[in-house]
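**Student:** Have a look at this one.
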Amino acid sequence: MLEPNDISVSSIQQTDFRRRLRAAVDEFQHNYLVGDAHDLYLALDRTLSNPALARAEEVKEAIGDDFIVLMYLAFPLLDEAPALRLLEKHLLLALRRGVIIEELIGRRLRLYRDVELDSVLVRKIVETISHNTEEVRTHETKVGESVLTVAEWIKKLLGTHSSTKAISTLEIIQFLESQTVLSHAPNLKDMVRRLLMLFARVQSVFLTGLLDVLFTPLLEHYALEDAESELIKSPAKKPGINTNVETLSMLKNLYARYWESRAPVLEIEDRLMATTQGDVQKIKRILSAASRERDTNTLVAALKLLAREGALVPALQSSPAWLQAVAEYVDTKYRGASAHKDRARWVASIRAGAVNIPLVSEFLQYLLKEKIGLSENASALVGVELGKLLGHDYEPIAYGNQETGTFMWSTFRLEGGKLIPEK
């Protein structure tokens, strides 16, 4: 790990310095180590200003992006002028690099508050972000295409918001859906979404004086990391099975690629949330249509919406057609080994509200594998995400298998006319 004492005129000109700096910045960002980031920033800033440094501008250009991210991670401890300058000149770089700016603003505000919030500083932050003139563009932006600045996107959002209350997430989603320029540019839409969410959260602090909203994004980020580590489980409870680094790496890469490929699904989720307003019956109809049309992204988006709203299991409970379909799927899958009375008992149990993990798992597999045609691995990756959304009881329905290096659905066996999870 690169330490402040390692920074010198000589060391920063070595060929491996940028690699070492990037590794340190990545570590600081992963754990939001503000103090360590600030110490390294001070050492690096002093050295870059040293008259003895030859080719200083070349060095600054070579490490530029990492230096800016390092400054963001030190944001709570920076002097006010450079801190505000970051928000004014380099906001989009930090968003592209995945920096959770809200957390760092929150820490600064919490650090410098006495009895009450420093409303003057919050106002300065809100005004600085809202006057940022960086152009918001991605690789989807065509040469010569008109682009809006950060300030212009915020102004457009505020033009649709007549209330003096804080801007809600739903308002931002509806605003994004109304912007034609974003309809075929998912990456640009995601960048604008993150930008507007950041502004709305900071503005909310200014309006309410409550800091909690700034700390939510990092908590969600860590929850995702916890999910990623927990979903990869080893079947080493069984004798004779060895795990190895290679298959573990395969699983992490599969999950990372799955997570990075979710932009189309997230876009559909936003649209469905805006158009359905959380109406479960509407979402059920969309889910049924997506199943018939083999529209994978829409089907997954609808399932996630139902799960997030706590409505997936009730939707299954209240749908005779779905219950019949999954019962028949189970009969076929287990080679007709269940008697009709057993099937009726399963249906009755899930209608009664009992937690029935096997039937919910089989229902998801029926939709994702049987109706849509996803592979075991691809469908189980979706199952992992849905299991987390459904809650603790349903988290084990799919997992990463360290023996095979693939994702799988948990398996069941018939015992006494019931589906029992395999040990």
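The chains in the structure tokens are called A, B, ... from first to last as shown; in each chain the residues are counted from 1, and the ligands are counted from 1 in the order shown.
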Show me, as a tab-separated table, the residues of range 251-339 of chain A having an atom within 12 Å of range 396-406 of chain A, each with the closest atom pair and its distance in Å, using only C-alpha atoms.

**Tutor:**
residue	atom	partner	partner_atom	distance
A:Leu251	CA	A:Gly405	CA	5.4
A:Lys252	CA	A:Gly400	CA	8.8
A:Asn253	CA	A:Gly405	CA	9.9
A:Leu254	CA	A:Thr406	CA	7.9
A:Tyr255	CA	A:Gly400	CA	8.9

**Student:** Could you produce a table of the residues of range 170-212 of chain A lying within 12 Å of range 73-88 of chain A, with the nearest pair of atoms per residue and their separation in Å rounded to one decimal, using only C-alpha atoms, ordered by chain and increasing residue number, as CSV?

**Tutor:**
residue,atom,partner,partner_atom,distance
A:Leu195,CA,A:Leu87,CA,11.4
A:Leu198,CA,A:Leu87,CA,11.3
A:Phe199,CA,A:Leu87,CA,11.0

**Student:** Considering only C-alpha atoms, return as a ChimeraX atom specification whatever protein or nucleic-acid residues lie within 9 Å of Val265 in chain A, sequence-local ones (same chain, fewer than 2 positions apart) excluded.

**Tutor:** /A:261-263,267-270,296-301

**Student:** Since we have the selection now, will you write its residues out, keeping all heavy atoms, as a compact mmCIF listing (two decimals), in the first residue's frame?

**Tutor:**
# COMPACT_ATOMS: atom_id res chain seq x y z
N SER A 261 -24.52 -5.55 -16.36
CA SER A 261 -25.39 -5.66 -17.54
C SER A 261 -26.85 -5.32 -17.24
O SER A 261 -27.72 -5.54 -18.07
CB SER A 261 -25.31 -7.08 -18.11
OG SER A 261 -25.91 -8.02 -17.22
N ARG A 262 -27.12 -4.78 -16.04
CA ARG A 262 -28.50 -4.58 -15.60
C ARG A 262 -29.13 -3.27 -16.10
O ARG A 262 -30.29 -3.01 -15.83
CB ARG A 262 -28.57 -4.60 -14.07
CG ARG A 262 -28.20 -5.94 -13.49
CD ARG A 262 -27.84 -5.84 -12.02
NE ARG A 262 -28.92 -5.39 -11.18
CZ ARG A 262 -28.97 -4.18 -10.61
NH1 ARG A 262 -28.02 -3.30 -10.82
NH2 ARG A 262 -29.98 -3.85 -9.83
N ALA A 263 -28.39 -2.45 -16.84
CA ALA A 263 -28.92 -1.14 -17.26
C ALA A 263 -30.27 -1.24 -17.96
O ALA A 263 -31.20 -0.48 -17.63
CB ALA A 263 -27.91 -0.40 -18.14
N GLU A 267 -33.69 0.42 -16.42
CA GLU A 267 -34.45 1.41 -17.18
C GLU A 267 -35.93 1.02 -17.23
O GLU A 267 -36.82 1.87 -17.05
CB GLU A 267 -33.89 1.52 -18.60
CG GLU A 267 -34.58 2.57 -19.44
CD GLU A 267 -33.97 2.69 -20.83
OE1 GLU A 267 -33.01 1.95 -21.11
OE2 GLU A 267 -34.46 3.51 -21.62
N ILE A 268 -36.21 -0.26 -17.47
CA ILE A 268 -37.60 -0.73 -17.51
C ILE A 268 -38.24 -0.61 -16.13
O ILE A 268 -39.41 -0.23 -16.00
CB ILE A 268 -37.67 -2.17 -18.03
CG1 ILE A 268 -37.20 -2.23 -19.50
CG2 ILE A 268 -39.08 -2.73 -17.92
CD1 ILE A 268 -37.01 -3.63 -20.03
N GLU A 269 -37.48 -0.93 -15.08
CA GLU A 269 -38.00 -0.77 -13.72
C GLU A 269 -38.45 0.66 -13.47
O GLU A 269 -39.54 0.90 -12.93
CB GLU A 269 -36.91 -1.13 -12.70
CG GLU A 269 -36.73 -2.60 -12.43
CD GLU A 269 -35.73 -2.80 -11.31
OE1 GLU A 269 -36.05 -2.48 -10.16
OE2 GLU A 269 -34.62 -3.27 -11.61
N ASP A 270 -37.60 1.61 -13.85
CA ASP A 270 -37.95 3.02 -13.66
C ASP A 270 -39.24 3.36 -14.39
O ASP A 270 -40.13 4.03 -13.86
CB ASP A 270 -36.83 3.93 -14.17
CG ASP A 270 -35.63 3.94 -13.24
OD1 ASP A 270 -35.74 3.41 -12.12
OD2 ASP A 270 -34.58 4.48 -13.63
N THR A 296 -37.49 -11.05 -21.67
CA THR A 296 -36.72 -11.32 -20.46
C THR A 296 -36.56 -10.09 -19.57
O THR A 296 -36.80 -10.15 -18.36
CB THR A 296 -35.33 -11.87 -20.81
OG1 THR A 296 -35.47 -13.04 -21.61
CG2 THR A 296 -34.54 -12.22 -19.55
N ASN A 297 -36.13 -8.97 -20.15
CA ASN A 297 -35.84 -7.78 -19.34
C ASN A 297 -37.09 -7.26 -18.62
O ASN A 297 -37.04 -6.90 -17.44
CB ASN A 297 -35.24 -6.69 -20.21
CG ASN A 297 -33.81 -7.00 -20.61
OD1 ASN A 297 -33.14 -7.80 -19.98
ND2 ASN A 297 -33.34 -6.38 -21.68
N THR A 298 -38.21 -7.23 -19.34
CA THR A 298 -39.45 -6.75 -18.72
C THR A 298 -39.92 -7.71 -17.64
O THR A 298 -40.40 -7.30 -16.58
CB THR A 298 -40.55 -6.56 -19.78
OG1 THR A 298 -40.11 -5.60 -20.75
CG2 THR A 298 -41.85 -6.06 -19.15
N LEU A 299 -39.80 -9.01 -17.90
CA LEU A 299 -40.21 -10.00 -16.91
C LEU A 299 -39.39 -9.85 -15.63
O LEU A 299 -39.94 -9.84 -14.52
CB LEU A 299 -40.06 -11.41 -17.48
CG LEU A 299 -40.54 -12.55 -16.55
CD1 LEU A 299 -41.32 -13.59 -17.33
CD2 LEU A 299 -39.34 -13.22 -15.88
N VAL A 300 -38.07 -9.72 -15.77
CA VAL A 300 -37.20 -9.57 -14.59
C VAL A 300 -37.51 -8.27 -13.86
O VAL A 300 -37.59 -8.24 -12.63
CB VAL A 300 -35.72 -9.64 -15.00
CG1 VAL A 300 -34.82 -9.30 -13.80
CG2 VAL A 300 -35.37 -11.03 -15.52
N ALA A 301 -37.73 -7.19 -14.61
CA ALA A 301 -38.05 -5.90 -13.99
C ALA A 301 -39.35 -5.99 -13.20
O ALA A 301 -39.45 -5.47 -12.08
CB ALA A 301 -38.15 -4.82 -15.06
